[in-house]
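Coordinates from model_5.cif are shown below (mmCIF, N, CA and C atoms).
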```cif
data_start
loop_
_atom_site.label_atom_id
_atom_site.label_comp_id
_atom_site.auth_asym_id
_atom_site.auth_seq_id
_atom_site.Cartn_x
_atom_site.Cartn_y
_atom_site.Cartn_z
N MET A 1 -18.16 178.47 198.30
CA MET A 1 -17.56 179.52 199.08
C MET A 1 -18.25 179.66 200.43
N LYS A 2 -19.59 179.55 200.45
CA LYS A 2 -20.31 179.67 201.71
C LYS A 2 -19.95 178.53 202.65
N ARG A 3 -19.73 177.36 202.06
CA ARG A 3 -19.41 176.20 202.88
C ARG A 3 -18.09 176.39 203.62
N ASN A 4 -17.10 176.96 202.96
CA ASN A 4 -15.80 177.23 203.57
C ASN A 4 -15.93 178.25 204.69
N LYS A 5 -16.80 179.26 204.52
CA LYS A 5 -17.01 180.26 205.58
C LYS A 5 -17.64 179.62 206.80
N LYS A 6 -18.57 178.69 206.58
CA LYS A 6 -19.20 178.00 207.71
C LYS A 6 -18.17 177.17 208.47
N LYS A 7 -17.30 176.49 207.74
CA LYS A 7 -16.25 175.70 208.39
C LYS A 7 -15.31 176.61 209.18
N PHE A 8 -14.99 177.75 208.61
CA PHE A 8 -14.11 178.69 209.29
C PHE A 8 -14.72 179.16 210.60
N TRP A 9 -15.99 179.57 210.55
CA TRP A 9 -16.65 180.06 211.76
C TRP A 9 -16.91 178.95 212.76
N LEU A 10 -16.99 177.72 212.32
CA LEU A 10 -17.14 176.60 213.24
C LEU A 10 -15.79 176.23 213.86
N ALA A 11 -14.71 176.44 213.11
CA ALA A 11 -13.38 176.09 213.60
C ALA A 11 -12.91 177.00 214.73
N ILE A 12 -13.29 178.25 214.69
CA ILE A 12 -12.83 179.21 215.70
C ILE A 12 -13.26 178.79 217.11
N PRO A 13 -14.55 178.49 217.36
CA PRO A 13 -14.90 178.05 218.71
C PRO A 13 -14.25 176.73 219.11
N CYS A 14 -14.05 175.85 218.13
CA CYS A 14 -13.39 174.58 218.44
C CYS A 14 -11.94 174.80 218.87
N ILE A 15 -11.24 175.70 218.20
CA ILE A 15 -9.85 176.00 218.56
C ILE A 15 -9.78 176.64 219.93
N ILE A 16 -10.68 177.58 220.20
CA ILE A 16 -10.73 178.24 221.51
C ILE A 16 -11.01 177.22 222.61
N ALA A 17 -11.96 176.30 222.35
CA ALA A 17 -12.28 175.26 223.33
C ALA A 17 -11.10 174.33 223.57
N ALA A 18 -10.38 173.98 222.50
CA ALA A 18 -9.22 173.10 222.64
C ALA A 18 -8.13 173.76 223.47
N ILE A 19 -7.88 175.04 223.22
CA ILE A 19 -6.87 175.77 223.99
C ILE A 19 -7.29 175.85 225.46
N GLY A 20 -8.57 176.17 225.68
CA GLY A 20 -9.07 176.24 227.05
C GLY A 20 -8.96 174.91 227.77
N LEU A 21 -9.26 173.83 227.09
CA LEU A 21 -9.14 172.50 227.69
C LEU A 21 -7.69 172.17 228.01
N PHE A 22 -6.79 172.55 227.11
CA PHE A 22 -5.37 172.30 227.35
C PHE A 22 -4.87 173.09 228.56
N VAL A 23 -5.27 174.35 228.67
CA VAL A 23 -4.86 175.17 229.81
C VAL A 23 -5.42 174.59 231.11
N TRP A 24 -6.69 174.16 231.07
CA TRP A 24 -7.29 173.55 232.26
C TRP A 24 -6.54 172.28 232.64
N PHE A 25 -6.18 171.44 231.66
CA PHE A 25 -5.45 170.21 231.93
C PHE A 25 -4.07 170.51 232.53
N PHE A 26 -3.39 171.54 232.01
CA PHE A 26 -2.10 171.94 232.55
C PHE A 26 -2.25 172.40 234.00
N GLN A 27 -3.29 173.19 234.28
CA GLN A 27 -3.54 173.66 235.64
C GLN A 27 -3.81 172.48 236.56
N TRP A 28 -4.61 171.55 236.11
CA TRP A 28 -4.95 170.37 236.92
C TRP A 28 -3.69 169.56 237.24
N LEU A 29 -2.84 169.32 236.22
CA LEU A 29 -1.60 168.57 236.45
C LEU A 29 -0.69 169.30 237.43
N TRP A 30 -0.56 170.60 237.25
CA TRP A 30 0.28 171.40 238.14
C TRP A 30 -0.21 171.26 239.57
N ASN A 31 -1.49 171.47 239.78
CA ASN A 31 -2.05 171.47 241.13
C ASN A 31 -2.05 170.08 241.77
N ILE A 32 -2.08 169.03 240.96
CA ILE A 32 -2.03 167.68 241.50
C ILE A 32 -0.60 167.29 241.86
N LEU A 33 0.36 167.63 241.01
CA LEU A 33 1.72 167.12 241.18
C LEU A 33 2.67 168.04 241.92
N LEU A 34 2.79 169.27 241.49
CA LEU A 34 3.88 170.12 241.96
C LEU A 34 3.79 170.59 243.41
N PRO A 35 2.61 170.87 243.95
CA PRO A 35 2.62 171.26 245.37
C PRO A 35 3.18 170.17 246.29
N ASP A 36 2.88 168.91 245.98
CA ASP A 36 3.40 167.82 246.82
C ASP A 36 4.87 167.54 246.55
N ILE A 37 5.28 167.64 245.29
CA ILE A 37 6.66 167.30 244.93
C ILE A 37 7.62 168.43 245.27
N LEU A 38 7.31 169.65 244.85
CA LEU A 38 8.23 170.77 245.02
C LEU A 38 7.82 171.76 246.09
N GLY A 39 6.61 171.64 246.61
CA GLY A 39 6.16 172.57 247.63
C GLY A 39 5.77 173.93 247.09
N VAL A 40 5.38 174.02 245.81
CA VAL A 40 4.94 175.29 245.25
C VAL A 40 3.45 175.46 245.49
N LYS A 41 2.97 176.68 245.28
CA LYS A 41 1.55 176.96 245.48
C LYS A 41 0.72 176.42 244.32
N ALA A 42 -0.54 176.19 244.59
CA ALA A 42 -1.47 175.85 243.52
C ALA A 42 -1.71 177.10 242.68
N ILE A 43 -2.04 176.91 241.41
CA ILE A 43 -2.24 178.05 240.52
C ILE A 43 -3.67 178.05 240.00
N ASN A 44 -4.11 179.23 239.53
CA ASN A 44 -5.44 179.30 238.94
C ASN A 44 -5.34 179.22 237.42
N TYR A 45 -6.47 179.30 236.75
CA TYR A 45 -6.53 179.13 235.30
C TYR A 45 -5.67 180.14 234.56
N TRP A 46 -5.76 181.40 234.96
CA TRP A 46 -5.04 182.46 234.25
C TRP A 46 -3.54 182.38 234.48
N GLN A 47 -3.14 181.93 235.66
CA GLN A 47 -1.72 181.73 235.92
C GLN A 47 -1.18 180.58 235.06
N SER A 48 -1.97 179.53 234.90
CA SER A 48 -1.52 178.43 234.05
C SER A 48 -1.41 178.87 232.60
N LEU A 49 -2.33 179.70 232.14
CA LEU A 49 -2.23 180.24 230.78
C LEU A 49 -0.97 181.09 230.64
N GLY A 50 -0.67 181.90 231.64
CA GLY A 50 0.54 182.72 231.62
C GLY A 50 1.81 181.89 231.60
N ILE A 51 1.84 180.81 232.36
CA ILE A 51 3.01 179.93 232.38
C ILE A 51 3.20 179.28 231.01
N LEU A 52 2.12 178.84 230.39
CA LEU A 52 2.22 178.23 229.07
C LEU A 52 2.72 179.22 228.02
N VAL A 53 2.21 180.44 228.05
CA VAL A 53 2.66 181.45 227.09
C VAL A 53 4.13 181.79 227.33
N LEU A 54 4.51 181.95 228.60
CA LEU A 54 5.90 182.25 228.92
C LEU A 54 6.83 181.12 228.49
N SER A 55 6.42 179.88 228.71
CA SER A 55 7.28 178.76 228.29
C SER A 55 7.39 178.70 226.77
N LYS A 56 6.32 179.05 226.07
CA LYS A 56 6.38 179.09 224.61
C LYS A 56 7.36 180.16 224.15
N ILE A 57 7.35 181.31 224.80
CA ILE A 57 8.26 182.39 224.43
C ILE A 57 9.71 181.99 224.73
N LEU A 58 9.94 181.42 225.91
CA LEU A 58 11.30 181.11 226.33
C LEU A 58 11.88 179.90 225.60
N PHE A 59 11.08 178.87 225.41
CA PHE A 59 11.62 177.61 224.89
C PHE A 59 11.19 177.30 223.46
N GLY A 60 10.02 177.75 223.07
CA GLY A 60 9.52 177.39 221.75
C GLY A 60 9.80 178.44 220.71
N GLY A 61 9.72 179.67 221.11
CA GLY A 61 9.94 180.76 220.17
C GLY A 61 8.76 180.94 219.24
N PHE A 62 8.80 181.99 218.47
CA PHE A 62 7.76 182.29 217.49
C PHE A 62 8.44 182.54 216.15
N ASP A 63 9.06 181.50 215.60
CA ASP A 63 9.80 181.68 214.36
C ASP A 63 8.94 181.51 213.11
N GLY A 64 7.69 181.17 213.26
CA GLY A 64 6.79 181.07 212.12
C GLY A 64 6.85 179.75 211.39
N LYS A 65 7.76 178.87 211.75
CA LYS A 65 7.84 177.56 211.10
C LYS A 65 6.91 176.60 211.81
N LYS A 66 6.23 175.80 211.04
CA LYS A 66 5.35 174.80 211.64
C LYS A 66 6.19 173.59 211.99
N LYS A 67 6.13 173.22 213.25
CA LYS A 67 6.89 172.06 213.72
C LYS A 67 5.93 171.11 214.39
N PHE A 68 5.62 170.05 213.72
CA PHE A 68 4.73 169.05 214.30
C PHE A 68 5.51 167.76 214.46
N GLY A 69 5.62 167.29 215.69
CA GLY A 69 6.31 166.04 215.93
C GLY A 69 7.79 166.16 215.63
N ARG A 70 8.35 165.06 215.17
CA ARG A 70 9.79 165.02 214.90
C ARG A 70 10.13 165.25 213.44
N GLN A 71 9.15 165.32 212.58
CA GLN A 71 9.45 165.36 211.16
C GLN A 71 10.28 166.56 210.74
N HIS A 72 10.23 167.67 211.50
CA HIS A 72 11.01 168.82 211.10
C HIS A 72 12.51 168.58 211.23
N HIS A 73 12.91 167.58 212.03
CA HIS A 73 14.32 167.28 212.15
C HIS A 73 14.87 166.60 210.90
N PHE A 74 14.00 165.97 210.14
CA PHE A 74 14.46 165.18 209.01
C PHE A 74 14.13 165.82 207.67
N ASP A 75 13.79 167.10 207.67
CA ASP A 75 13.49 167.78 206.43
C ASP A 75 14.73 167.91 205.55
N ASN A 76 15.88 168.04 206.15
CA ASN A 76 17.12 168.23 205.40
C ASN A 76 17.67 166.86 205.01
N HIS A 77 17.63 166.57 203.71
CA HIS A 77 18.10 165.27 203.25
C HIS A 77 19.62 165.17 203.30
N ASN A 78 20.27 166.30 203.37
CA ASN A 78 21.73 166.30 203.40
C ASN A 78 22.28 166.41 204.81
N MET A 79 21.43 166.16 205.82
CA MET A 79 21.86 166.33 207.20
C MET A 79 23.04 165.41 207.53
N LYS A 80 22.99 164.17 207.06
CA LYS A 80 24.09 163.25 207.33
C LYS A 80 25.38 163.75 206.72
N GLU A 81 25.29 164.27 205.52
CA GLU A 81 26.48 164.81 204.86
C GLU A 81 27.01 166.04 205.59
N ASN A 82 26.09 166.89 206.07
CA ASN A 82 26.51 168.09 206.81
C ASN A 82 27.25 167.72 208.08
N TRP A 83 26.72 166.74 208.83
CA TRP A 83 27.37 166.33 210.07
C TRP A 83 28.71 165.66 209.78
N LYS A 84 28.76 164.87 208.72
CA LYS A 84 30.02 164.23 208.36
C LYS A 84 31.07 165.28 208.02
N GLN A 85 30.67 166.28 207.27
CA GLN A 85 31.60 167.35 206.89
C GLN A 85 32.07 168.12 208.12
N LYS A 86 31.14 168.44 209.05
CA LYS A 86 31.53 169.14 210.27
C LYS A 86 32.52 168.31 211.09
N PHE A 87 32.24 167.01 211.20
CA PHE A 87 33.11 166.13 211.97
C PHE A 87 34.50 166.08 211.34
N GLU A 88 34.55 165.90 210.03
CA GLU A 88 35.83 165.78 209.37
C GLU A 88 36.65 167.07 209.47
N THR A 89 36.01 168.22 209.35
CA THR A 89 36.77 169.47 209.44
C THR A 89 37.26 169.72 210.85
N LYS A 90 36.50 169.23 211.85
CA LYS A 90 36.89 169.49 213.23
C LYS A 90 37.91 168.48 213.74
N PHE A 91 37.72 167.18 213.41
CA PHE A 91 38.53 166.15 214.04
C PHE A 91 39.50 165.44 213.09
N CYS A 92 39.28 165.49 211.84
CA CYS A 92 40.12 164.73 210.93
C CYS A 92 41.00 165.67 210.13
N GLY A 93 42.24 165.51 210.30
CA GLY A 93 43.18 166.29 209.53
C GLY A 93 44.12 165.32 208.84
N SER A 94 45.39 165.62 208.91
CA SER A 94 46.36 164.70 208.34
C SER A 94 46.51 163.50 209.27
N GLU A 95 47.20 162.49 208.77
CA GLU A 95 47.42 161.28 209.58
C GLU A 95 48.19 161.61 210.86
N GLU A 96 49.13 162.54 210.75
CA GLU A 96 49.93 162.94 211.91
C GLU A 96 49.04 163.63 212.96
N GLU A 97 48.14 164.52 212.53
CA GLU A 97 47.25 165.20 213.46
C GLU A 97 46.32 164.21 214.16
N ARG A 98 45.83 163.22 213.43
CA ARG A 98 44.97 162.21 214.04
C ARG A 98 45.72 161.40 215.09
N GLU A 99 46.97 161.07 214.80
CA GLU A 99 47.76 160.31 215.76
C GLU A 99 48.03 161.15 217.02
N LYS A 100 48.33 162.43 216.84
CA LYS A 100 48.52 163.32 218.00
C LYS A 100 47.25 163.38 218.84
N PHE A 101 46.11 163.49 218.16
CA PHE A 101 44.82 163.56 218.84
C PHE A 101 44.57 162.28 219.65
N LYS A 102 44.81 161.14 219.03
CA LYS A 102 44.61 159.86 219.72
C LYS A 102 45.53 159.74 220.92
N GLU A 103 46.78 160.12 220.74
CA GLU A 103 47.75 160.03 221.82
C GLU A 103 47.39 160.95 222.98
N MET A 104 46.94 162.16 222.66
CA MET A 104 46.54 163.10 223.71
C MET A 104 45.40 162.53 224.54
N TRP A 105 44.37 161.99 223.89
CA TRP A 105 43.24 161.44 224.63
C TRP A 105 43.61 160.16 225.37
N LYS A 106 44.51 159.39 224.83
CA LYS A 106 44.98 158.19 225.52
C LYS A 106 45.69 158.58 226.82
N GLN A 107 46.53 159.62 226.75
CA GLN A 107 47.23 160.08 227.95
C GLN A 107 46.24 160.62 228.98
N ARG A 108 45.25 161.39 228.53
CA ARG A 108 44.26 161.92 229.46
C ARG A 108 43.49 160.80 230.14
N PHE A 109 43.11 159.80 229.37
CA PHE A 109 42.34 158.69 229.93
C PHE A 109 43.17 157.91 230.93
N GLU A 110 44.40 157.61 230.56
CA GLU A 110 45.26 156.82 231.45
C GLU A 110 45.58 157.57 232.73
N SER A 111 45.77 158.89 232.63
CA SER A 111 46.14 159.64 233.83
C SER A 111 44.97 159.75 234.81
N LYS A 112 43.75 159.72 234.31
CA LYS A 112 42.60 159.87 235.21
C LYS A 112 42.06 158.54 235.70
N PHE A 113 42.03 157.53 234.85
CA PHE A 113 41.29 156.33 235.19
C PHE A 113 42.15 155.08 235.33
N CYS A 114 43.33 155.09 234.84
CA CYS A 114 44.15 153.88 234.85
C CYS A 114 45.38 154.06 235.73
N LYS A 115 45.18 154.53 236.93
CA LYS A 115 46.30 154.71 237.84
C LYS A 115 46.72 153.34 238.36
N PRO A 116 48.00 153.11 238.46
CA PRO A 116 48.42 151.81 238.99
C PRO A 116 48.04 151.71 240.46
N GLU A 117 47.59 150.53 240.83
CA GLU A 117 47.18 150.33 242.22
C GLU A 117 48.42 150.25 243.11
N GLU A 118 48.30 150.87 244.27
CA GLU A 118 49.39 150.81 245.22
C GLU A 118 49.22 149.54 246.04
N PRO A 119 50.30 148.90 246.38
CA PRO A 119 50.17 147.68 247.19
C PRO A 119 49.58 148.01 248.55
N ARG A 120 48.66 147.18 248.97
CA ARG A 120 47.99 147.40 250.25
C ARG A 120 48.83 146.83 251.37
N THR A 121 48.95 147.61 252.42
CA THR A 121 49.67 147.14 253.60
C THR A 121 48.67 146.69 254.63
N GLU A 122 49.15 146.10 255.68
CA GLU A 122 48.27 145.64 256.75
C GLU A 122 47.52 146.80 257.39
N GLU A 123 48.14 147.98 257.49
CA GLU A 123 47.50 149.12 258.11
C GLU A 123 46.37 149.65 257.25
N SER A 124 46.52 149.63 255.92
CA SER A 124 45.47 150.17 255.05
C SER A 124 44.29 149.22 254.91
N LYS A 125 44.49 147.92 255.20
CA LYS A 125 43.40 146.94 255.13
C LYS A 125 42.42 147.15 256.27
N ALA A 126 42.86 147.61 257.40
CA ALA A 126 41.99 147.74 258.57
C ALA A 126 41.11 148.94 258.53
#
```
As structure tokens - that is how I would like this structure written.
Amino acid sequence: MKRNKKKFWLAIPCIIAAIGLFVWFFQWLWNILLPDILGVKAINYWQSLGILVLSKILFGGFDGKKKFGRQHHFDNHNMKENWKQKFETKFCGSEEEREKFKEMWKQRFESKFCKPEEPRTEESKA
């Protein structure tokens, strides 16, 4: 039990140091790249921490699920079946509906991209 407490108290400073290093690295990258590319001001350490927290709130969220790498995308073994079912309910109906769908898209494609070329005259060549 004592050994686990020692590991816990050793882990806290390591986590704080890792976060601090990450914030410093983010600040360094920002100050090296963005002022020259976008013309923004250089930022200090606390501003970089604020930007990281704000981006986490806006884009990452705090849903409580651990998401490391891409593996969270493949947790659902029935994902392929779910997508197949969604596709079939949305696009596949009776044979007649599928033919109407194909014909509609064929007409749209031909009207936009397959216009017959007009014969060129001597005036349009110049």
Response to the item:
A straight line from atom N of Phe25 of chain A to atom CA of Leu10 of chain A spans 22.0 Å
Discussion item. Would you compute the distance between atom CA of Leu34 of chain A and atom CA of Ile51 of chain A? Give it in Å to one decimal.
Written reply: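 Those two atoms sit 13.7 Å apart.
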Around segment 80-85 of chain A, fit a box with edges along x, y and z, padding it by 8 Å on each side, then list its centre and edge lengths in Å to one decimal as JSON.
```
{"center_x": 27.5, "center_y": 165.7, "center_z": 207.5, "size_x": 25.1, "size_y": 20.9, "size_z": 21.2}
```
Discussion item. Would you compute the distance between atom CA of Glu110 of chain A and atom C of Lys86 of chain A? Give it in Å to one decimal.
Written reply: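 The value is 26.6 Å.
All residues of protein, DNA or RNA that reach within 6.5 Å of segment 42-46 of chain A, judged by all atoms listed in the file and not counting those fewer than 3 positions away in the chain, are Val23, Trp24, Gln27, Trp30, Asn31, Pro35, Leu49, Gly50 and Ile51 of chain A.
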